[in-house]
Each structure stands twice: as structure tokens, then as C-alpha cells.
file protein-v5.txt (compact mmCIF, C-alpha atoms (C1' of nucleotides))
# COMPACT_ATOMS: atom_id res chain seq x y z
CA MET Y 92 -61.80 -143.79 110.29
CA PRO Y 93 -64.94 -145.57 109.22
CA LYS Y 94 -65.03 -146.77 105.68
CA LEU Y 95 -68.46 -147.56 104.35
CA GLY Y 96 -69.62 -151.03 103.38
CA MET Y 97 -67.79 -152.70 106.24
CA GLU Y 98 -70.72 -154.79 107.39
CA PRO Y 99 -70.28 -157.83 105.12
CA ILE Y 100 -66.54 -157.75 105.69
CA ARG Y 101 -66.92 -157.64 109.47
CA ARG Y 102 -69.57 -160.32 109.46
CA LYS Y 103 -67.33 -162.68 107.52
CA ALA Y 104 -64.35 -161.91 109.72
CA LEU Y 105 -66.36 -162.45 112.89
CA ILE Y 106 -67.75 -165.77 111.69
CA SER Y 107 -64.31 -166.92 110.65
CA ALA Y 108 -62.96 -165.79 114.03
CA THR Y 109 -65.74 -167.72 115.76
CA ILE Y 110 -64.65 -170.92 114.02
CA ASP Y 111 -61.06 -170.33 115.10
CA ALA Y 112 -62.08 -169.48 118.66
CA ILE Y 113 -64.24 -172.59 119.01
CA HIS Y 114 -61.26 -174.68 118.00
CA ALA Y 115 -58.85 -172.87 120.31
CA LYS Y 116 -60.98 -172.60 123.44
CA GLY Y 117 -64.05 -174.77 123.02
CA MET Y 118 -67.67 -173.73 123.39
CA ALA Y 119 -67.43 -173.73 127.18
CA ARG Y 120 -64.77 -171.03 127.34
CA LEU Y 121 -65.78 -169.13 124.24
CA THR Y 122 -66.17 -165.39 124.83
CA MET Y 123 -67.30 -162.54 122.63
CA ASN Y 124 -64.18 -160.66 123.57
CA ASP Y 125 -61.96 -163.45 122.32
CA ILE Y 126 -63.88 -163.76 119.07
CA ALA Y 127 -63.82 -160.02 118.48
CA ARG Y 128 -60.10 -159.76 119.20
CA ARG Y 129 -59.41 -162.52 116.67
CA ALA Y 130 -61.45 -160.59 114.11
CA GLY Y 131 -59.53 -157.42 114.93
CA VAL Y 132 -62.50 -155.48 116.28
CA SER Y 133 -64.01 -154.65 119.65
CA ALA Y 134 -66.56 -156.82 121.41
CA GLY Y 135 -69.05 -154.00 121.06
CA LEU Y 136 -68.92 -154.26 117.27
CA ALA Y 137 -69.62 -157.96 117.36
CA HIS Y 138 -72.75 -157.23 119.34
CA HIS Y 139 -73.59 -154.39 116.97
CA TYR Y 140 -73.67 -156.70 113.96
CA PHE Y 141 -74.98 -159.92 115.50
CA GLY Y 142 -77.01 -158.80 118.46
CA ALA Y 143 -76.29 -161.63 120.84
CA LYS Y 144 -73.73 -164.36 121.13
CA ASP Y 145 -76.06 -167.19 120.12
CA GLN Y 146 -77.00 -165.30 116.96
CA LEU Y 147 -73.34 -165.19 116.02
CA LEU Y 148 -73.05 -168.90 116.69
CA LEU Y 149 -76.10 -169.68 114.56
CA ALA Y 150 -74.73 -167.50 111.76
CA THR Y 151 -71.50 -169.48 111.98
CA MET Y 152 -73.40 -172.74 111.65
CA ARG Y 153 -75.30 -171.44 108.65
CA THR Y 154 -71.96 -170.57 107.07
CA LEU Y 155 -70.60 -174.07 107.68
CA LEU Y 156 -73.72 -175.46 106.07
CA ALA Y 157 -73.55 -173.10 103.09
CA ASP Y 158 -69.84 -173.72 102.51
CA LEU Y 159 -70.30 -177.48 102.46
CA GLY Y 160 -73.32 -177.13 100.21
CA GLU Y 161 -71.28 -175.12 97.78
CA GLU Y 162 -68.44 -177.65 97.74
CA ILE Y 163 -70.94 -180.33 96.78
CA GLN Y 164 -72.89 -178.21 94.33
CA THR Y 165 -69.88 -177.20 92.24
CA ARG Y 166 -68.83 -180.82 91.97
CA LEU Y 167 -72.36 -181.93 91.12
CA ALA Y 168 -72.64 -179.34 88.38
CA ALA Y 169 -69.55 -180.78 86.72
CA SER Y 170 -70.93 -184.32 86.77
CA THR Y 171 -72.94 -185.90 84.00
CA ILE Y 172 -73.32 -189.63 84.62
CA PRO Y 173 -74.97 -190.91 87.85
CA GLN Y 174 -71.79 -192.57 89.12
CA ASP Y 175 -70.01 -189.25 88.95
CA ARG Y 176 -72.82 -187.60 90.87
CA VAL Y 177 -72.31 -190.03 93.73
CA ARG Y 178 -68.60 -189.37 93.59
CA ALA Y 179 -69.23 -185.63 93.58
CA ILE Y 180 -71.23 -185.84 96.79
CA ILE Y 181 -68.57 -187.93 98.51
CA ARG Y 182 -65.74 -185.69 97.33
CA GLY Y 183 -67.59 -182.56 98.31
CA ASN Y 184 -68.00 -183.82 101.85
CA PHE Y 185 -64.35 -184.77 101.95
CA SER Y 186 -62.96 -181.58 100.43
CA THR Y 187 -59.81 -180.47 102.19
CA CYS Y 188 -61.43 -177.51 103.91
CA GLN Y 189 -63.82 -179.88 105.69
CA PHE Y 190 -60.81 -181.45 107.39
CA ARG Y 191 -59.33 -178.17 108.63
CA PRO Y 192 -59.06 -178.64 112.42
CA GLU Y 193 -60.90 -175.38 113.04
CA VAL Y 194 -63.76 -176.43 110.77
CA VAL Y 195 -63.91 -179.88 112.34
CA SER Y 196 -64.17 -178.32 115.79
CA ALA Y 197 -66.91 -175.99 114.66
CA TRP Y 198 -68.92 -178.82 113.10
CA LEU Y 199 -68.65 -180.90 116.25
CA ALA Y 200 -69.69 -177.94 118.35
CA PHE Y 201 -72.61 -177.69 115.93
CA TYR Y 202 -73.58 -181.32 116.54
CA ASP Y 203 -73.22 -180.67 120.26
CA ALA Y 204 -75.42 -177.58 120.15
CA ALA Y 205 -78.08 -179.44 118.16
CA GLN Y 206 -78.78 -181.59 121.21
CA HIS Y 207 -80.27 -178.77 123.27
CA ASP Y 208 -80.77 -175.84 120.87
CA HIS Y 209 -83.81 -176.09 118.62
CA GLU Y 210 -82.56 -173.88 115.81
CA ALA Y 211 -79.20 -175.65 115.72
CA ARG Y 212 -80.98 -178.99 115.52
CA ARG Y 213 -83.20 -177.76 112.71
CA LEU Y 214 -80.16 -176.52 110.79
CA LEU Y 215 -78.23 -179.74 111.27
CA ARG Y 216 -81.21 -181.72 110.00
CA VAL Y 217 -81.04 -179.66 106.82
CA TYR Y 218 -77.55 -181.04 106.28
CA THR Y 219 -78.51 -184.57 107.24
CA ARG Y 220 -81.50 -184.74 104.95
CA ARG Y 221 -79.84 -182.97 102.06
CA LEU Y 222 -76.92 -185.37 102.06
CA GLN Y 223 -79.15 -188.40 102.12
CA SER Y 224 -81.60 -187.14 99.52
CA ASN Y 225 -78.74 -186.13 97.20
CA LEU Y 226 -77.33 -189.61 97.49
CA VAL Y 227 -80.64 -191.40 97.03
CA HIS Y 228 -81.46 -189.36 93.93
CA ALA Y 229 -78.13 -190.15 92.33
CA LEU Y 230 -78.30 -193.82 93.31
CA GLN Y 231 -81.83 -194.21 91.94
CA GLU Y 232 -80.44 -193.80 88.47
CA ILE Y 233 -78.02 -196.66 89.02
CA THR Y 234 -80.14 -199.15 90.91
CA ASP Y 235 -83.70 -199.83 92.06
CA ARG Y 236 -85.48 -197.52 94.47
CA ALA Y 237 -85.34 -199.81 97.51
CA THR Y 238 -81.62 -200.38 97.15
CA ALA Y 239 -81.06 -196.68 96.56
CA GLU Y 240 -82.86 -195.79 99.77
CA ARG Y 241 -80.99 -198.32 101.87
CA LEU Y 242 -77.63 -197.62 100.28
CA GLY Y 243 -78.28 -193.89 100.56
CA GLU Y 244 -78.54 -194.07 104.31
CA THR Y 245 -75.56 -196.37 104.52
CA THR Y 246 -73.44 -194.06 102.40
CA ALA Y 247 -74.47 -190.95 104.28
CA ALA Y 248 -73.60 -192.65 107.57
CA LEU Y 249 -70.33 -193.85 106.13
CA ILE Y 250 -69.41 -190.35 105.01
CA ASP Y 251 -70.11 -188.92 108.46
CA GLY Y 252 -68.35 -191.77 110.22
CA VAL Y 253 -65.22 -191.72 108.06
CA TRP Y 254 -65.07 -187.95 108.33
CA ILE Y 255 -65.30 -187.97 112.10
CA ARG Y 256 -62.79 -190.82 112.52
CA ARG Y 257 -60.24 -189.37 110.14
CA SER Y 258 -60.63 -185.97 111.78
CA LEU Y 259 -59.80 -187.45 115.14
CA ALA Y 260 -56.83 -189.48 113.93
CA SER Y 261 -53.37 -188.08 114.40
CA GLY Y 262 -51.49 -186.59 111.47
CA ASP Y 263 -53.06 -184.79 108.58
CA PRO Y 264 -55.95 -186.70 107.07
CA ASP Y 265 -55.47 -188.52 103.78
CA THR Y 266 -58.53 -187.31 101.93
CA GLU Y 267 -57.88 -189.49 98.90
CA SER Y 268 -57.90 -192.73 100.87
CA ALA Y 269 -60.99 -191.58 102.75
CA ILE Y 270 -62.77 -191.02 99.46
CA ALA Y 271 -61.53 -194.36 98.14
CA LEU Y 272 -62.85 -196.14 101.23
CA VAL Y 273 -66.36 -194.77 100.82
CA GLU Y 274 -66.42 -195.16 97.05
CA SER Y 275 -65.33 -198.77 97.17
CA ALA Y 276 -67.97 -199.52 99.79
CA VAL Y 277 -70.74 -197.93 97.72
CA PHE Y 278 -69.81 -199.25 94.32
CA GLY Y 279 -68.83 -202.58 95.86
CA ALA Y 280 -72.32 -202.91 97.29
CA LEU Y 281 -73.67 -202.22 93.81
CA GLY Y 282 -71.46 -204.92 92.35
CA MET Y 283 -69.42 -202.38 90.43
CA SER Y 284 -65.67 -202.06 90.37
CA VAL Y 285 -64.27 -198.68 91.30
CA ALA Y 286 -62.86 -196.77 88.37
CA MET K 207 -76.25 -186.54 159.16
CA PRO K 208 -73.25 -187.97 157.41
CA LYS K 209 -73.39 -191.66 156.69
CA LEU K 210 -70.04 -193.20 155.88
CA GLY K 211 -69.12 -194.66 152.50
CA MET K 212 -70.92 -191.94 150.60
CA GLU K 213 -68.05 -191.16 148.26
CA PRO K 214 -68.74 -193.76 145.53
CA ILE K 215 -72.46 -193.03 145.72
CA ARG K 216 -71.95 -189.29 145.36
CA ARG K 217 -69.43 -189.73 142.56
CA LYS K 218 -71.84 -191.85 140.57
CA ALA K 219 -74.71 -189.45 141.22
CA LEU K 220 -72.61 -186.46 140.19
CA ILE K 221 -71.43 -188.10 136.99
CA SER K 222 -74.95 -189.11 136.11
CA ALA K 223 -76.13 -185.58 136.89
CA THR K 224 -73.38 -184.22 134.65
CA ILE K 225 -74.69 -186.27 131.72
CA ASP K 226 -78.21 -184.97 132.34
CA ALA K 227 -77.02 -181.40 132.71
CA ILE K 228 -75.00 -181.50 129.49
CA HIS K 229 -78.12 -182.59 127.67
CA ALA K 230 -80.34 -179.98 129.30
CA LYS K 231 -78.08 -176.95 129.11
CA GLY K 232 -75.15 -177.78 126.86
CA MET K 233 -71.46 -177.43 127.66
CA ALA K 234 -71.56 -173.68 127.23
CA ARG K 235 -74.06 -173.06 130.01
CA LEU K 236 -73.08 -175.97 132.21
CA THR K 237 -72.48 -174.95 135.84
CA MET K 238 -71.28 -176.82 138.87
CA ASN K 239 -74.28 -175.54 140.77
CA ASP K 240 -76.69 -177.03 138.25
CA ILE K 241 -74.91 -180.38 138.26
CA ALA K 242 -74.81 -180.50 142.04
CA ARG K 243 -78.48 -179.61 142.38
CA ARG K 244 -79.40 -182.41 139.99
CA ALA K 245 -77.36 -184.81 142.12
CA GLY K 246 -79.09 -183.54 145.23
CA VAL K 247 -75.98 -182.09 146.85
CA SER K 248 -74.29 -178.71 147.18
CA ALA K 249 -71.80 -177.34 144.71
CA GLY K 250 -69.20 -177.44 147.46
CA LEU K 251 -69.48 -181.22 147.67
CA ALA K 252 -68.97 -181.62 143.95
CA HIS K 253 -65.73 -179.70 144.28
CA HIS K 254 -64.83 -181.74 147.35
CA TYR K 255 -64.98 -185.01 145.41
CA PHE K 256 -63.78 -183.92 141.99
CA GLY K 257 -61.58 -180.94 142.67
CA ALA K 258 -62.35 -178.90 139.58
CA LYS K 259 -65.03 -178.83 136.93
CA ASP K 260 -62.88 -180.26 134.17
CA GLN K 261 -61.97 -183.22 136.38
CA LEU K 262 -65.66 -183.98 136.78
CA LEU K 263 -66.10 -183.73 133.03
CA LEU K 264 -63.20 -186.08 132.37
CA ALA K 265 -64.56 -188.53 134.94
CA THR K 266 -67.88 -188.41 133.09
CA MET K 267 -66.16 -189.20 129.82
CA ARG K 268 -64.31 -192.12 131.39
CA THR K 269 -67.66 -193.43 132.59
CA LEU K 270 -69.18 -193.18 129.10
CA LEU K 271 -66.19 -195.09 127.76
CA ALA K 272 -66.37 -197.73 130.48
CA ASP K 273 -70.12 -198.23 130.10
CA LEU K 274 -69.85 -198.74 126.36
CA GLY K 275 -66.90 -201.06 126.84
CA GLU K 276 -68.94 -203.15 129.22
CA GLU K 277 -71.90 -203.36 126.84
CA ILE K 278 -69.59 -204.75 124.18
CA GLN K 279 -67.62 -207.00 126.48
CA THR K 280 -70.67 -208.81 127.88
CA ARG K 281 -71.91 -209.48 124.37
CA LEU K 282 -68.47 -210.59 123.20
CA ALA K 283 -68.18 -213.03 126.09
CA ALA K 284 -71.41 -214.71 125.00
CA SER K 285 -70.20 -215.13 121.42
CA THR K 286 -68.38 -218.15 120.10
CA ILE K 287 -68.15 -218.01 116.30
CA PRO K 288 -66.47 -215.02 114.57
CA GLN K 289 -69.66 -213.83 112.92
CA ASP K 290 -71.29 -213.51 116.31
CA ARG K 291 -68.31 -211.55 117.60
CA VAL K 292 -68.81 -208.98 114.86
CA ARG K 293 -72.50 -208.87 115.69
CA ALA K 294 -71.71 -208.47 119.39
CA ILE K 295 -69.58 -205.39 118.70
CA ILE K 296 -72.26 -203.80 116.53
CA ARG K 297 -75.04 -204.59 119.02
CA GLY K 298 -72.99 -203.34 121.94
CA ASN K 299 -72.48 -199.99 120.24
CA PHE K 300 -76.18 -199.83 119.45
CA SER K 301 -77.46 -200.90 122.85
CA THR K 302 -80.50 -198.89 123.88
CA CYS K 303 -78.66 -196.91 126.55
CA GLN K 304 -76.31 -195.53 123.87
CA PHE K 305 -79.33 -193.89 122.24
CA ARG K 306 -80.60 -192.22 125.41
CA PRO K 307 -80.73 -188.51 124.52
CA GLU K 308 -78.69 -187.59 127.59
CA VAL K 309 -76.00 -190.10 126.68
CA VAL K 310 -75.97 -188.92 123.07
CA SER K 311 -75.49 -185.33 124.20
CA ALA K 312 -72.68 -186.33 126.52
CA TRP K 313 -70.88 -188.29 123.80
CA LEU K 314 -71.15 -185.39 121.39
CA ALA K 315 -69.86 -183.01 124.03
CA PHE K 316 -67.04 -185.51 124.44
CA TYR K 317 -66.22 -185.37 120.71
CA ASP K 318 -66.39 -181.61 120.94
CA ALA K 319 -64.06 -181.45 123.92
CA ALA K 320 -61.58 -183.76 122.20
CA GLN K 321 -60.88 -181.01 119.67
CA HIS K 322 -59.16 -178.71 122.15
CA ASP K 323 -58.61 -180.77 125.31
CA HIS K 324 -55.67 -183.16 125.19
CA GLU K 325 -56.91 -185.62 127.78
CA ALA K 326 -60.37 -185.78 126.19
CA ARG K 327 -58.75 -186.47 122.82
CA ARG K 328 -56.59 -189.19 124.29
CA LEU K 329 -59.63 -190.81 125.88
CA LEU K 330 -61.70 -190.64 122.70
CA ARG K 331 -58.88 -192.26 120.77
CA VAL K 332 -59.05 -195.16 123.20
CA TYR K 333 -62.63 -195.71 122.06
CA THR K 334 -61.81 -195.22 118.39
CA ARG K 335 -58.93 -197.64 118.38
CA ARG K 336 -60.62 -200.23 120.56
CA LEU K 337 -63.66 -200.38 118.29
CA GLN K 338 -61.56 -200.78 115.18
CA SER K 339 -59.18 -203.32 116.65
CA ASN K 340 -62.07 -205.36 118.04
CA LEU K 341 -63.63 -205.42 114.61
CA VAL K 342 -60.45 -206.24 112.75
CA HIS K 343 -59.66 -209.11 115.11
CA ALA K 344 -63.08 -210.64 114.65
CA LEU K 345 -63.05 -210.11 110.90
CA GLN K 346 -59.60 -211.68 110.52
CA GLU K 347 -61.09 -215.02 111.39
CA ILE K 348 -63.63 -214.69 108.60
CA THR K 349 -61.54 -213.18 105.81
CA ASP K 350 -57.99 -212.29 104.86
CA ARG K 351 -56.01 -209.72 106.79
CA ALA K 352 -56.13 -206.96 104.17
CA THR K 353 -59.90 -207.22 103.79
CA ALA K 354 -60.31 -207.35 107.56
CA GLU K 355 -58.34 -204.15 108.00
CA ARG K 356 -60.22 -202.27 105.31
CA LEU K 357 -63.61 -203.60 106.33
CA GLY K 358 -62.78 -202.94 109.97
CA GLU K 359 -62.36 -199.24 109.35
CA THR K 360 -65.45 -199.16 107.16
CA THR K 361 -67.55 -200.89 109.78
CA ALA K 362 -66.28 -198.71 112.61
CA ALA K 363 -67.09 -195.61 110.58
CA LEU K 364 -70.48 -197.02 109.68
CA ILE K 365 -71.27 -197.69 113.34
CA ASP K 366 -70.35 -194.13 114.32
CA GLY K 367 -72.18 -192.64 111.35
CA VAL K 368 -75.39 -194.61 111.79
CA TRP K 369 -75.37 -193.90 115.52
CA ILE K 370 -74.96 -190.17 115.03
CA ARG K 371 -77.59 -189.96 112.27
CA ARG K 372 -80.17 -192.02 114.07
CA SER K 373 -79.55 -190.03 117.25
CA LEU K 374 -80.28 -186.81 115.42
CA ALA K 375 -83.38 -188.12 113.67
CA SER K 376 -86.75 -187.30 115.14
CA GLY K 377 -88.67 -189.95 117.03
CA ASP K 378 -87.13 -192.71 119.09
CA PRO K 379 -84.41 -194.56 117.26
CA ASP K 380 -85.15 -198.01 115.89
CA THR K 381 -82.10 -199.86 117.15
CA GLU K 382 -82.98 -203.10 115.39
CA SER K 383 -83.04 -201.53 111.95
CA ALA K 384 -79.83 -199.66 112.72
CA ILE K 385 -78.17 -202.95 113.60
CA ALA K 386 -79.61 -204.58 110.49
CA LEU K 387 -78.24 -201.78 108.31
CA VAL K 388 -74.68 -202.21 109.56
CA GLU K 389 -74.81 -205.99 109.63
CA SER K 390 -76.07 -206.25 106.07
CA ALA K 391 -73.36 -203.84 104.91
CA VAL K 392 -70.61 -205.85 106.60
CA PHE K 393 -71.76 -209.33 105.73
CA GLY K 394 -72.82 -208.16 102.31
CA ALA K 395 -69.30 -206.92 101.66
CA LEU K 396 -68.05 -210.36 102.69
CA GLY K 397 -70.42 -212.03 100.26
CA MET K 398 -72.41 -213.57 103.10
CA SER K 399 -76.13 -213.42 103.59
CA VAL K 400 -77.34 -212.03 106.89
CA ALA K 401 -78.81 -214.66 109.20
C1' DT D 212 -60.04 -187.26 169.11
C1' DT D 213 -59.84 -188.09 164.41
C1' DT D 214 -62.06 -189.01 160.19
C1' DT D 215 -65.73 -188.44 156.88
C1' DA D 216 -69.59 -185.88 155.02
C1' DT D 217 -71.73 -181.74 154.08
C1' DT D 218 -73.31 -176.99 153.62
C1' DG D 219 -73.51 -172.05 152.84
C1' DA D 220 -71.10 -167.97 152.63
C1' DT D 221 -67.50 -165.65 150.46
C1' DT D 222 -64.26 -164.05 147.08
C1' DG D 223 -62.32 -162.69 142.99
C1' DA D 224 -62.70 -162.94 138.41
C1' DC D 225 -65.07 -162.81 134.18
C1' DC D 226 -68.41 -161.91 130.88
C1' DA D 227 -72.60 -160.59 127.89
C1' DA D 228 -74.94 -156.87 126.73
C1' DT D 229 -75.83 -151.84 126.75
C1' DC D 230 -74.75 -147.19 125.83
C1' DA D 231 -72.80 -142.84 125.33
C1' DA D 232 -69.29 -140.83 122.72
C1' DT D 233 -66.46 -140.17 118.54
C1' DA D 234 -65.57 -139.65 113.84
C1' DA D 235 -65.77 -140.22 109.01
C1' DA D 236 -68.54 -140.44 104.92
C1' DA D 237 -72.85 -139.31 102.42
C1' DA D 238 -76.88 -136.78 101.70
C1' DA D 239 -79.45 -132.79 102.07
C1' DT D 240 -79.85 -128.04 102.32
C1' DA D 241 -78.68 -123.29 101.89
C1' DT O 48 -69.98 -124.36 96.77
C1' DA O 49 -70.36 -124.38 101.65
C1' DT O 50 -73.09 -125.85 105.39
C1' DT O 51 -75.69 -128.77 108.13
C1' DT O 52 -77.80 -133.23 108.91
C1' DT O 53 -78.01 -137.99 108.67
C1' DT O 54 -76.07 -142.38 108.28
C1' DT O 55 -72.54 -145.77 109.13
C1' DA O 56 -68.65 -147.52 111.76
C1' DT O 57 -66.41 -148.06 115.90
C1' DT O 58 -64.69 -147.99 120.61
C1' DG O 59 -64.31 -148.19 125.61
C1' DA O 60 -66.51 -147.81 129.80
C1' DT O 61 -70.11 -149.50 132.52
C1' DT O 62 -73.42 -152.57 134.63
C1' DG O 63 -75.55 -156.34 136.51
C1' DG O 64 -75.13 -160.85 136.84
C1' DT O 65 -72.89 -165.35 137.13
C1' DC O 66 -69.73 -168.70 138.27
C1' DA O 67 -65.66 -171.65 139.90
C1' DA O 68 -63.21 -172.42 143.65
C1' DT O 69 -62.10 -171.85 148.60
C1' DC O 70 -62.99 -172.17 153.38
C1' DA O 71 -64.74 -172.07 157.84
C1' DA O 72 -68.26 -174.25 160.33
C1' DT O 73 -71.18 -178.20 161.65
C1' DA O 74 -72.16 -182.80 162.80
C1' DA O 75 -72.25 -187.67 162.79
C1' DA O 76 -69.53 -191.80 162.99
C1' DA O 77 -65.28 -194.32 164.29
call {"tool": "encode", "arguments": {"input": "protein-v5.txt", "output": "C-alpha cells"}}
result
Amino acid sequence: MPKLGMEPIRRKALISATIDAIHAKGMARLTMNDIARRAGVSAGLAHHYFGAKDQLLLATMRTLLADLGEEIQTRLAASTIPQDRVRAIIRGNFSTCQFRPEVVSAWLAFYDAAQHDHEARRLLRVYTRRLQSNLVHALQEITDRATAERLGETTAALIDGVWIRRSLASGDPDTESAIALVESAVFGALGMSVA
Amino acid sequence: MPKLGMEPIRRKALISATIDAIHAKGMARLTMNDIARRAGVSAGLAHHYFGAKDQLLLATMRTLLADLGEEIQTRLAASTIPQDRVRAIIRGNFSTCQFRPEVVSAWLAFYDAAQHDHEARRLLRVYTRRLQSNLVHALQEITDRATAERLGETTAALIDGVWIRRSLASGDPDTESAIALVESAVFGALGMSVA
DNA sequence: TTTTATTGATTGACCAATCAATAAAAAATA
DNA sequence: TATTTTTTATTGATTGGTCAATCAATAAAA
């Protein structure tokens, strides 16, 4: 009973199922069959839409990247003053969906893949550079260029580090205190009090 | 031609080969055969000494943990004043061997595994907690307890974040500037100038 | 004779990718 | 309108290959 226009729906479902499967079984034991079953389709269909397994994995990574980018972009669009732009970037990275265990697992698998897969590495560098350049641009309107550059790298690293540590901690992550930690470090370094 | 006392030698070689193989092929395509060949032995011998693949992987993670612990411990032992203890922890985490591409890949695979493997998660939490508690202890002798706790988490996150970002960057990582970045953030937050 | 070290063959399972087959919807044609 | 054709969606079987784990066999040392 084929309904038309299923392709985008299936693609989304398969990518979402890939994220879940990575979390449940890990990259080492990940199978197309398992992914397809989670998406409610046959393994053949997954191959039909994505060709090969690594293409599905790359598509999943692109989705992670796009979703995070959107979280940040919406918050940036609603910000006017430079301070708020910095906050927007931090809060975008720490949005609740970025702490979903399945999403955390997928991101870490992404980092892992970037070590030996060229395309994965290229994609991850897009994230890395975008985060830093976003931060530096916003900080340049608050402080001098040299400080902005240095503090930009520090903040980017702090975001990644806090994210990874809070993700690993037991219990559900307290996003608000994570945000507060990074914000106080950044604005503290600028000699500003945190609003 | 069996020489006696080979067990520790083979174990070390197999663990080292595992680190190399993870970097070269990634967890997904990692095979016992490949690991064994890199160690110069048969796959049968790898099973003989480690039982199953996941035991070999866990042993590899324990080695990563132990090696890092040693790097920090030697530097801590040579430190007398609190400031130097903080520096020792930072420098231990940023020792050149921690930036070896093979070691980076293995650590990231470790993070990845911790998302779905209980023992891997337990082991990684040992690292996480040890780093933070080391930092907080050292910082408590420089500042008040509350600041030490907060700055301890910030510094630990900063160490992880800088390490992961520099590892991903192209070109060989400049460990000295990475150390300088973290040190200036920590001592800056304490209102101290960096020596 | 027992212990330690080691290999290579074997087994049983699993899996990625392909493909033929099926069927519904849409388009084209009569 | 009725029909044929094409396009889109989907499955399940198949295939060829790979891999983890086991085990019997071999051999040197104790």
C-alpha cells in the first residue's frame, strides 16, 4: 500500500532510528537491520534510500549538525545586544535536546568517526569552526580583537567540555547550571557581572 | 619456539595494537584479526590472553586511564606549592602522548563506548571524578572552598574541551599554547597573573 | 610429565548489499 | 472514460563475505 511522498518521511525516520540505535548498541554492533526495524521498515528500504550504511551515518551526522545550528540560529535571531548573542550561542549548545542520551551518543560516535573517516572529520570541523567564529564575532563587539580571539577559543572549549562532562554524569543534566557555569566564566573573564 | 614469561609482553603488545587499530579502522570495523596481526601474533593468541574482544577493549581503556594517571602523578610528586599542583594536573593531561592521534582515537572510542557499555562508563567516570577532585583539592589551598569547587569543574571541562578541540584541529597540536590557555583562564579567574 | 606459548583450521552466526517480485498511485494513451 | 504504462514504495530472499570464538595440534621449557 504505497503512499506517495514517503521519501522525506522515511529518511527522517531512518536517521532518527540511527541515533537511537547508536545509543542502544554502539557503532560496533550497529546493523542496518536494527536501524530499519526501529524505523518500522525493512533493511532493503534503508538501502534503497541511503545506498550504503556509511551514507546513512553521514546523513545522520549532517542532521545533528543542522539541528544544533538551528537551535543556535533561532536564539541568535532573537538577540540584539552582543552580550545576548554570546548567551544565545551558549544556550543553543546547551538546549535540552543536546543532552538527550541518544543525541549525546550519536555526537560522540561522530567525534569517534572523525578520527578515521575524512568526511566525518570535515563535517565535525564545520561545527568546531562555526562555534568558535560565532563566539569571536559576538565577543569582538564587547572587547578588543585579541581578547575576543583568545576568549572565543576558551569559551568554545568550555562549552564542549561542560557538555561532555555533564552528559557523562549520572542523573539528568541541569542545563541551567551548566549555562550559568559557562556564562560566569566568560563574563567573569571580561570583568562583567552576570545578569 | 615458546619462550616463557611472554604473557605480559603479549598483553602490552596487544593493547598497544588495539589503540593503533582503533585509530586506523575505527570501532565499527575493528577485528581481532587486525589487532593480532598488528601485534605480530595470531588471533587465537589474542583470545587466549583476553578471552573475548570486549575484554581486550576494556583492558585497553584501563591502560589509557593508568597511563594518564601516571603522567599526572609524576608531575604532582614534583610539585610543592599549590599553584604548581594545578599546573601539574593541566600539564599531565596535555602531555604529548595524550595528543598522539592513536591515543586520541582510543580515548574518543572510550567516550563512545561509555554511552552504552556499563563498565566503560564506570571507568570513564573514574577519570572524570579523579581530574575534578585533584583540581578541587589543589585549588582549595589557593582559594575558598566554594570557588575551588566551581573553578574545579570549570577547569576540568576546559581541559577536556581544549584537548578535544586541539586534537581535531589540523596540524600537530601546540601543547604549550594549550597549556597556556587553560592556565591563564584558571589563574585569571583567581585574580593571579600567570608566571 | 606438566606447564606455557602458539598457530591454523573450523564452526556457526551474522551482516551489508543486491535483486526480483509485488502493489499502489499517477500519467499517458486509446 | 477505460486502458495501459510508468513511477514510486516496499518487502523478503539470496549471496558472498566476514568475523568472533573454539579447539585440536605442536613444540619448547620446566
call {"tool": "closest_residue", "arguments": {"input": "protein-v5.txt", "among": "Y:Glu161, Y:Asp125, Y:Asp235, Y:Glu98", "to": "chain D", "atoms": "only C-alpha atoms (C1' of nucleotides)"}}
result
Y:Asp125
call {"tool": "residues_around", "arguments": {"input": "protein-v5.txt", "residues": "region 308-317 of chain K", "least_positions_apart": "3", "cutoff": "7 Å", "atoms": "all atoms listed in the file", "output": "ChimeraX atom specification"}}
result
/Y:199,202-203,206 /K:225-226,228-229,233,267,304-305,320-321,326,373
call {"tool": "atom_distance", "arguments": {"input": "protein-v5.txt", "atom1": "CA of Asp145 (chain Y)", "atom2": "C1' of DA231 (chain D)"}}
result
25.1 Å
call {"tool": "interface_residues", "arguments": {"input": "protein-v5.txt", "of": "chain Y", "to": "chain O", "cutoff": "12 Å", "atoms": "all atoms listed in the file", "output": "JSON, numbers by chain"}}
result
{"Y": [92, 93, 94, 95, 96, 97, 98, 101, 131, 132, 133, 134, 135, 136, 137, 138, 139, 140]}
call {"tool": "interface_residues", "arguments": {"input": "protein-v5.txt", "of": "chain D", "to": "chain Y", "cutoff": "12 Å", "atoms": "all atoms listed in the file", "output": "number ranges by chain"}}
result
D: 225-230, 233-237
call {"tool": "interface_residues", "arguments": {"input": "protein-v5.txt", "of": "chain Y", "to": "chain K", "cutoff": "9 Å", "atoms": "all atoms listed in the file", "output": "PyMOL selection string"}}
result
chain Y and resi 113-121+192-193+195-208+212+215-216+219+241-242+244-256+259-260+272-273+276+279-280
call {"tool": "axis_aligned_box", "arguments": {"input": "protein-v5.txt", "around": "region 216-229 of chain D", "padding_each_side": "6 Å", "output": "lines of an AutoDock Vina configuration file"}}
result
center_x = -69.1
center_y = -168.9
center_z = 140.9
size_x = 25.5
size_y = 46.0
size_z = 40.3
call {"tool": "atom_distance", "arguments": {"input": "protein-v5.txt", "atom1": "CA of Ala229 (chain Y)", "atom2": "CA of Ile163 (chain Y)"}}
result
13.0 Å
